[in-house]
Structure formats: C-alpha cells, structure tokens
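J.: Below: one structure in structure tokens.
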Amino acid sequence: MYIGAIFSNDIFCGRFTIAKAEMTGSPGPSLLKTPSGIQGLDEITGGGLPQGRPTLVCGSAGCGKTLLAMEFLVRGAKDYNEPGVFMAFEENAEELTENVASLGFDLVTLQKRKKIVIDYVYIERSEIEETGEYDLEGLFIRLDHAIKTIGAKRVVLDTIESLFSGLPNHNILRAELRRLFRWLKDQGVTAIITAERGEGTLTRHGLEEYVADCVIMLDHRVTEQVSTRRLRVVKYRGSTHGTNEYPFLIDKGGFSVLPITSVGLDAEASDDRVPTGIPRLDTMLEGKGYYKGSTILVSGTARTGKTSFAAHLADETCRRGEKCLYMASEEPMNQVIRNARSIGLNLAQWVKKGLLHFNAVRPTYSGLEMHLANTHRLLREISPSVVVVDPISNLISIGSMNEVKAMLMRLIDILKGRSITTLCTSLTHGGSDMEHTEVGVSSLMDTWLLLRDIEYNGERTRVLYVLKSRGMAHSNQIREFLITDRGIDLMDVYAGEGIVLTGASRKSQELKEEAEAAARREELERLKRELERKRKVMEARINEIRVEFEMAEEDLKKAILNREMKEKILLADRAAIGELRKADVPPTGEK
Amino acid sequence: MKTGEKERTVKTTGKQKATKKAAERKAHPTTEKEEYFQLRLYVAGQTPKSLAAFANLKRICEEHLKHRYTIEVIDLLKNPTLSKGDQILAIPTLVRKLPVPVRKIIGDLSNTERVLVGLDIVPRK
C-alpha cells in the first residue's frame with residue numbers, strides 16, 4: 001500500500017510538471033475571430049467566425065441562410081468597418097435589397113457608400129454548351145475585382161451550389177471550388193458559403209469536404225404544426241464552441257440567436273422587496289412583499305382570480321414608475337385592461353405612459369423556442385423590472401411537458417439573470433392535485449401562492465395561502481379573499497374552534513360567536529353580582545355575631561363586677577366580725 | 001496599357017470583319033437565311049486553354065461562317081468589369097451575341113461538332 005502510494009504520487013508529480021510546462025510555454029498564435037455582429041452567434045462561437053477563413057452555413061430551403069449571410073455583411077460594414085462582397089447565385093441585387101429591407105437593412109445606401117458590393121451571378125444551363133477544357137477563372141476575376149474595388153474583408157457566396165445545376169462537368173467544378181476556397185483563404189477574407197442541406201449529408205454536393213474550418217447548420221423544424229428555427233455549430237476547427245441547438249429568431253431587428261442553455265445559476269439574490277399591490281398580502285409576506293428578482297407562481301383553478309393578482313402587481317409596479325411587461329397568451333390586451341378596470345385598476349394609463357407593455361399572442365403562434373427568443377428580444381427592448389406571464393399552463397399546448405419545463409427553466413434563468421421579478425400564473429384543472437402545477441415547474445418558483453375555490457354550504461368562496469416563499473417567514477394562514485370593485489381584499493383570519501370558515505358561513509359563525517360572547521359577558525356579570533351578594537351576606541352575619549358578642553360581653557362584664565363587689569363585701573364583713581371578737585389578725589399570707 | 005491591348009485585339013478582328021462583310025455582301029447580296037454572326041470570346045490572359053480556344057474558333061469560323069462573322073476577344077484580366085454583362089464564370093467562354101438568342105459555349109472549343117451545334121450552325125439532333 002505504502003509503496004503504491006509513493007509510486008502514484010511520483011506519476012502525479014511527473015504529470016503535474018508536464019502540465020505546468022505546457023501552460024507556461026509560449027502558446028501558438030490562437031485563432032483570430034471575426035465578430036459576426038449577429039446577436040448571440042458570437043457568444044456561441046466564442047467571438048465570431050474564423051478570421052480569414054471560409055465558414056459553411058448549410059440548411060434546408062427557407063431556414064434563413066441568406067439572411068444570416070447578409071446580416072454578417074451588413075453588421076460588418078456598419079459596426080466593424082469591414083466592407084463586404086455579396087456574390088448571389090440565386091437572387092439578383094434588386095430582389096435581395098427588397099428582401100432584407102424588411103429587416104431594416106438599407107443595402108442601397110451601403111452600396112452607394114461603397115461598403116457593400118452585390119454581384120449577381122446568373123447561370124442558365126440551357127444556354128450553355130460545353131466543349132472541352134475550361135476553368136472558372138471568370139468567377140475568380142469577378143470576385144477579385146469586387147473585393148479590390150471596396151477593399152472587402154468579408155465575402156458571401158450564396159448559394160454556390162447552384163453552379164452544380166448550371167455546369168454539367170462536376171469534376172471540373174469540384175476542382176475549381178477547391179481552388180476557390182483556397183484562394184479565398186489566400187485573400188485573407190472571412191467568407192460565408194451557403195449550401196442546401198442534402199439527404200444524410202450536411203450539403204447536397206458535399207461542400208463540407210472543402211470548407212472544413214467552421215460549419216454552421218440552420219434548421220427549421222415543424223413539430224405539431226409549430227415551427228422553430230434552430231442553429232447549431234457543427235464544427236469549429238481550432239476553437240471551442242457551444243454544441244447545442246440554439247433557437248434563433250428572424251424579425252425586424254434581424255437575426256438573433258439565443259445561447260440560453262448556457263445560462264448558469266449565478267444570478268444575484270437581492271434583499272430588496274417588491275410590494276404585491278395588495279397591502280394585506282404584503283403582511284402575509286413579512287409585511288414587505290415579494291423579493292426583487294424572485295419568481296412567483298400564482299396557481300389555481302379557473303375563476304380564482306389569478307389574473308387579478310397579476311394585474312395588481314403590474315399596477316403597483318407602474319405606480320412606482322417602473323416598467324412592466326405583461327405577456328398574455330389567453331386574452332388580448334384590451335380585455336385584460338377592461339377586466340382590470342372592473343376591479344378598480346386603471347392599467348390603460350400605464351400603457352399610455354409607456355410603463356406597461358403588453359405582448360399578447362397565442363402560444364400556438366410560434367414554437368416554444370421562438371417564444372423564448374421573442375421574450376428575450378422584448379426584454380432587451382423594454383428592460384422591465386417586472387414580467388407577468390399569464391398563464392404558463394397554456395404553453396403545454398405547443399410542446400411536451402419536458403420541453404415546456406426546459407423552456408420555462410431557461411426563461412426563468414434569463415429573467416433572474418436580469419433581476420426581473422416574474423409572476424407566472426398557472427391554471428390547475430379541477431379534480432387534479434392542487435399542489436401540482438400542470439407543467440411541473442413548482443420547484444423553479446421562489447414564492448407560490450395557491451388560490452382555491454372552496455365549495456361549502458351552498459356557495460363558493462375564494463381562499464389564498466402562501467404555499468411557500470423562499471427566504472422569508474411567511475404566514476401559514478389560509479385567507480379568504482374577495483374580489484371587489486376596489487381590488488382584491490383579504491379578509492381577517494378566523495381563528496376559532498379549529499376550523500376555517502369562509503363566506504356566509506364565516507359570517508354566520510361570526511354572528512354566532514358574537515352572541516356567544518354576549519352570553520359569556522352576562523354570565524360573568526352574574527357571577528360578579530353573586531359574589532357581591534355573598535360578601536354582603538357574610539358582612540351582615542359578621543355584624544350579627546358582633547352584636548351578639550357585645551351583648552354577651554356586657555352581661556359577663558356586669559356579672560364579673562357583681563362578683564367582685566360581693567367578695568369585697570364579704571371580706572369587709574369578716575374583718576368587722578373579727579374586730580368584734582378581738583381575734584388576732586393573722587398575716588394575710590396565711591389566711 | 002491594358003485597354004490599348006484590348007482595343008488592338010478588337011481592331012484586328014474588326015478589320016477582318018469589315019473586309020469579310022463587304023466581300024460577303026458582294027457575293028451574296030440578298031441572302032436572308034445566311035445570318036451574320038457576332039461572336040465574343042472571353043479569356044483570362046494567354047493561357048493554353050485560351051489560345052487553343054481562339055485557334056479552334058478561328059478555324060471553325062473560317063470553315064463554316066466565312067465572311068459573315070466577327071470575333072471580339074475580351075481579356076478579363078485586363079478588363080474585369082466586362083465579365084458581368086455576359087455573366088461569365090467559366091474561361092474560356094464563347095458568347096454568340098448575334099443572331100439572337102444569346103448562346104454560350106464554354107471550354108476550349110476542341111469538340112468541333114458540339115461547337116457547331118452550340119452555335120446553331122448545325123441543327124441539334
């Protein structure tokens with residue numbers, strides 16, 4: 001054992017020194033990266049695309065290859081002062097300009113300012129006859145000319161594979177493509193080459209054989225009629241990269257990729273509190289409300305007032321002058337506002353002031369990931385301090401339980417990472433276990449308010465309790481609440497006879513209690529009076545005895561006096577007789 | 001310098017064209033079906049393929065289109081912007097500008113039969 005230990009220690013030391021030498025030794029020039037400028041992509045790739053090398057972007061039709069490539073050029077030209085050449089094989093310059101105008105890219109101006117050159121390469125098989133040897137020097141010359149005209153640092157070839165249908169001799173084409181990619185490297189331009197996805201291969205014509213430095217795959221999947229765009233870095237030679245599939249979004253702000261699965265649990269925990277908007281609910285939560293940046297779940301069956309709780313929080317947040325994002329997936333904005341008005345909350349004023357933002361879309365509008373991406377974008381644009389998701393249980397309609405849970409987890413992580421207080425409502429179906437959310441996310445929540453509908457004695461009443469609230473000594477009481485035209489009103493805790501009563505029975509119980517209390521008060525009075533009476537009787541009797549005693553005392557005193565008198569007289573009599581008889585008087589002691 | 005060379009190339013063909021045109025008109029004053037061919041050969045420098053293509057083209061034209069053709073040789077190395085107009089990718093490329101429709105033949109034109117078919121001189125099989 002001992003020898004073994006030494007031996008392994010030796011090995012360990014040896015390894016250690018080697019590792020140390022490697023670490024201290026001068027590292028080779030690390031791979032330079034060109035920031036793509038695309039939201040999120042640079043995070044996944046650890047800084048961008050390999051500088052001075054071609055990157056292959058592959059994917060099936062309509063998954064956004066051209067847009068990704070175009071944004072790469074536009075961002076380069078605008079943000080990094082790197083002019084770019086877009087060599088289009090499928091669309092002409094006018095079509096491209098129109099297509100990307102919807103993303104806010106002004107190609108006309110960029111072209112005028114010599115930041116971007118669009119070269120449309122058109123090839124028509126029917127016009128072409130092949131006779132003998134040729135090469136693609138023409139393409140090289142065009143590209144070279146375009147690069148030199150504006151001093152381009154970025155190049156896009158979209159989609160070069162269409163040459164395969166235009167040129168019959170694939171052997172020559174392949175050789176020329178290989179030469180082209182090598183030539184691009186020699187030019188030192190960072191290039192994106194797009195290609196259609198093939199059956200069982202990354203690209204239809206195997207371009208991945210030639211462009212091997214970095215391969216990005218785009219995907220557009222439809223599950224249960226809902227589509228989600230995803231991006232994956234298949235390989236990145238000489239660099240670490242995120243390997244997951246990341247959802248991405250194409251909208252009016254351009255491309256955005258979300259590296260959300262990489263979010264760690266490193267959010268800060270704040271001691272600040274956020275009032276709930278319902279004063280007596282604040283009291284239940286140590287008198288201060290929710291923690292800032294915490295996640296609150298309000299679950300309950302239908303009609304229990306979940307949305308009203310949400311509306312209160314939104315109202316309270318805006319009242320403080322902070323921003324709130326309300327994501328409604330069941331009701332349109334105006335309906336939420338109208339319903340809130342019926343409980344005395346004027347949400348419309350906050351919308352007008354720009355503090356309250358609504359995002360009301362059906363969950364089936366897009367896939368889960370798209371929702372996430374969308375939320376991410378909204379958070380960036382609005383930067384709210386409170387987010388309401390009403391309800392989360394609705395999301396189950398567009399994904400499996402696991403998917404929804406994973407998505408919510410990431411959503412919550414994003415929100416926590418930004419210290420945003422989040423209130424989610426969740427509908428529990430009648431009959432199912434109350435302390436179980438439909439999407440199984442309760443463990444992700446910091447505070448859980450459970451709303452219940454209690455049917456008793458011919459009526460239904462709403463009750464609330466704080467099932468959990470991490471990090472605070474919250475109330476453990478079940479409280480009845482009323483939804484009035486002045487908002488939610490929590491009723492007093494009824495704490496008698498070990499049962500909780502609500503509604504009319506609570507009221508009747510209260511009346512009964514009042515009657516009982518009155519009876520008890522009377523009884524007490526009665527007892528007090530009796531005591532008084534007893535005392536009086538006692539005192540009367542004491543008096544009587546005293547009088548009796550006094551009478552007896554008088555008699556006795558008289559008798560005693562009488563006896564003493566008699567004795568004196570007797571003595572006096574005896575002395576008188578003795579004198580008469582002239583008897584000597586004995587000493588008194590011997591008498 | 002570059003343009004000068006190019007112009008010279010064009011000029012020589014231009015002279016040939018002019019003389020041939022005149023001769024042709026004299027010989028066949030009213031031939032309708034005998035169309036006039038305006039050809040353009042795109043090359044990139046004096047590569048063996050380009051030279052071969054020019055030689056082959058010259059030979060074919062002399063054999064089949066005597067007195068009714070012009071050849072314009074465009075060197076893309078000297079004039080890269082010209083590649084866009086005719087959408088040139090492959091080198092060498094022969095473009096038949098006239099008669100319409102435009103036709104393109106790529107390669108060194110070593111296969112005479114296919115060149116003739118491509119130029120519509122011989123009907124397609």
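A note on labels: chains of the structure tokens are A, B, ... as shown, every chain counts residues from 1, and ligands are counted from 1 in their shown order.
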Select from chain A every residue with an atom at most 6 Å from any atom of chain B, then for each give the shortest pair of atoms and their distance in Å to one decimal, using only C-alpha atoms, rows by chain and rising number, as CSV.
T.:
residue,atom,partner,partner_atom,distance
A:Glu127,CA,B:Arg103,CA,5.2
A:Ile128,CA,B:Lys104,CA,4.8
A:Glu129,CA,B:Ile105,CA,4.5
A:Glu130,CA,B:Ile106,CA,5.0
A:Thr131,CA,B:Gly107,CA,4.9
A:Gly132,CA,B:Gly107,CA,4.7
A:Glu133,CA,B:Gly107,CA,4.7
A:Tyr134,CA,B:Gly107,CA,4.4
A:Asp135,CA,B:Ile91,CA,5.3
A:Leu136,CA,B:Ala90,CA,4.2
A:Glu137,CA,B:Ile91,CA,5.6
A:Gly138,CA,B:Leu89,CA,4.2
A:Leu139,CA,B:Leu89,CA,4.5
J.: With N, CA and C atoms retained, write the just-selected residues as a compact mmCIF listing (two decimals), in the first residue's frame.
T.:
# COMPACT_ATOMS: atom_id res chain seq x y z
N GLU A 127 -28.59 27.59 -71.85
CA GLU A 127 -27.88 28.49 -72.76
C GLU A 127 -26.44 28.05 -72.97
N ILE A 128 -26.04 27.02 -72.22
CA ILE A 128 -24.61 26.72 -72.19
C ILE A 128 -24.32 25.39 -72.86
N GLU A 129 -23.31 25.42 -73.69
CA GLU A 129 -22.81 24.21 -74.32
C GLU A 129 -21.37 24.03 -73.85
N GLU A 130 -21.03 22.78 -73.57
CA GLU A 130 -19.70 22.52 -73.06
C GLU A 130 -18.85 21.88 -74.14
N THR A 131 -17.73 22.46 -74.43
CA THR A 131 -16.84 21.83 -75.40
C THR A 131 -15.42 21.91 -74.88
N GLY A 132 -14.99 20.84 -74.28
CA GLY A 132 -13.59 20.75 -73.88
C GLY A 132 -13.29 21.40 -72.54
N GLU A 133 -12.00 21.64 -72.37
CA GLU A 133 -11.47 22.07 -71.09
C GLU A 133 -11.83 23.52 -70.77
N TYR A 134 -12.11 23.76 -69.51
CA TYR A 134 -12.32 25.14 -69.07
C TYR A 134 -12.06 25.24 -67.57
N ASP A 135 -12.03 26.45 -67.09
CA ASP A 135 -11.95 26.64 -65.64
C ASP A 135 -12.87 27.80 -65.26
N LEU A 136 -12.92 28.11 -63.96
CA LEU A 136 -13.84 29.16 -63.51
C LEU A 136 -13.10 30.46 -63.22
N GLU A 137 -12.09 30.70 -64.03
CA GLU A 137 -11.29 31.90 -63.81
C GLU A 137 -12.17 33.16 -63.85
N GLY A 138 -13.22 33.10 -64.64
CA GLY A 138 -14.12 34.25 -64.74
C GLY A 138 -14.71 34.62 -63.40
N LEU A 139 -15.11 33.60 -62.67
CA LEU A 139 -15.67 33.81 -61.33
C LEU A 139 -14.63 34.43 -60.40
J.: Could you please write out, as a compact mmCIF listing (two decimals) with C-alpha atoms, in the first residue's frame, every residue of region 33-123 of chain B that DSSP assigns to helix (DSSP H, G or I)?
T.:
# COMPACT_ATOMS: atom_id res chain seq x y z
CA PRO B 48 -3.01 27.45 -73.21
CA LYS B 49 -6.76 26.91 -72.99
CA SER B 50 -7.48 30.41 -74.20
CA LEU B 51 -5.04 30.14 -77.04
CA ALA B 52 -6.46 26.78 -78.04
CA ALA B 53 -9.98 28.14 -77.90
CA PHE B 54 -9.12 31.09 -80.11
CA ALA B 55 -7.36 28.86 -82.64
CA ASN B 56 -10.27 26.39 -82.70
CA LEU B 57 -12.82 29.16 -83.06
CA LYS B 58 -10.94 30.81 -85.87
CA ARG B 59 -10.71 27.51 -87.72
CA ILE B 60 -14.38 26.67 -87.31
CA CYS B 61 -15.50 30.12 -88.36
CA GLU B 62 -13.31 30.06 -91.43
CA GLU B 63 -14.73 26.70 -92.39
CA HIS B 64 -18.41 27.34 -91.74
CA LEU B 82 -16.82 43.23 -68.56
CA SER B 83 -17.45 39.80 -67.03
CA LYS B 84 -20.74 40.96 -65.51
CA GLY B 85 -22.53 41.86 -68.71
CA THR B 112 -15.95 20.96 -83.32
CA GLU B 113 -19.24 19.16 -83.65
CA ARG B 114 -20.53 20.47 -80.34
CA VAL B 115 -19.38 23.97 -81.15
CA LEU B 116 -21.38 23.84 -84.40
CA VAL B 117 -24.41 22.57 -82.53
CA GLY B 118 -23.93 25.18 -79.82
J.: Which neighbours of region 149-153 of chain A fall inside 6 Å, counting only C-alpha atoms, when residues of the same chain fewer than 4 positions from it are skipped, and could you give them as an MDAnalysis selection string?
T.: chainID A and resid 82:84 114 189
J.: Hey, can you spit out that residue selection with N, CA and C atoms as an mmCIF file, in the first residue's frame?
T.:
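And here is the file that came out, out34.cif:
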data_model
loop_
_atom_site.group_PDB
_atom_site.id
_atom_site.type_symbol
_atom_site.label_atom_id
_atom_site.label_comp_id
_atom_site.auth_asym_id
_atom_site.auth_seq_id
_atom_site.Cartn_x
_atom_site.Cartn_y
_atom_site.Cartn_z
ATOM 1 N N GLU A 82 -15.898 46.841 -41.909
ATOM 2 C CA GLU A 82 -15.322 45.839 -42.796
ATOM 3 C C GLU A 82 -16.242 45.709 -44.006
ATOM 4 N N PRO A 83 -15.855 46.272 -45.130
ATOM 5 C CA PRO A 83 -16.720 46.178 -46.312
ATOM 6 C C PRO A 83 -16.867 44.725 -46.763
ATOM 7 N N GLY A 84 -17.920 44.467 -47.491
ATOM 8 C CA GLY A 84 -18.175 43.083 -47.871
ATOM 9 C C GLY A 84 -18.716 42.930 -49.279
ATOM 10 N N LYS A 114 -20.081 52.496 -50.877
ATOM 11 C CA LYS A 114 -19.005 51.546 -51.207
ATOM 12 C C LYS A 114 -18.657 50.651 -50.020
ATOM 13 N N VAL A 189 -9.854 36.919 -46.651
ATOM 14 C CA VAL A 189 -11.199 37.411 -46.362
ATOM 15 C C VAL A 189 -11.947 36.365 -45.533
#
J.: Go through A:Leu202, A:Ala360, A:Ile414, A:Ala311 one by one, measure the shortest atom-to-atom distance of each to Arg380 (chain A) using only C-alpha atoms, and give the residue with the smallest value.
T.: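 Ranking A:Leu202, A:Ala360, A:Ile414, A:Ala311 by distance to Arg380 (chain A), first place goes to A:Ile414.
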J.: Can you measure CA of Ile123 (chain A) to CA of Gly206 (chain A) for me? One decimal in Å is fine.
T.: 20.5 Å
J.: What separation in Å, quoted to one decimal, exists between CA of Asn394 (chain A) and CA of Trp448 (chain A)?
T.: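 Calculated distance between CA of Asn394 (chain A) and CA of Trp448 (chain A) is 18.1 Å.
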J.: Expressed in Å to a single decimal, how great is the separation between CA of Glu544 (chain A) and CA of Arg529 (chain A)?
T.: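 Going from CA of Glu544 (chain A) over to CA of Arg529 (chain A), I get 22.6 Å.
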J.: Of the candidates A:Arg273, A:Ile296, A:Ala212, A:Ile337, which one gets nearest to Ser443 (chain A) if we count only C-alpha atoms?
T.: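 Closest residue, counting only C-alpha atoms: A:Ile296.
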J.: List as a list in words the protein and nucleic acid residues near Val100 (chain B), meaning an atom at most 10 Å away when only C-alpha atoms are counted, but skip any in the same chain fewer than 3 places from it.
T.: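 The contact residues come out as Phe37, Gln38, Arg96, Lys97 and Arg103 of chain B.
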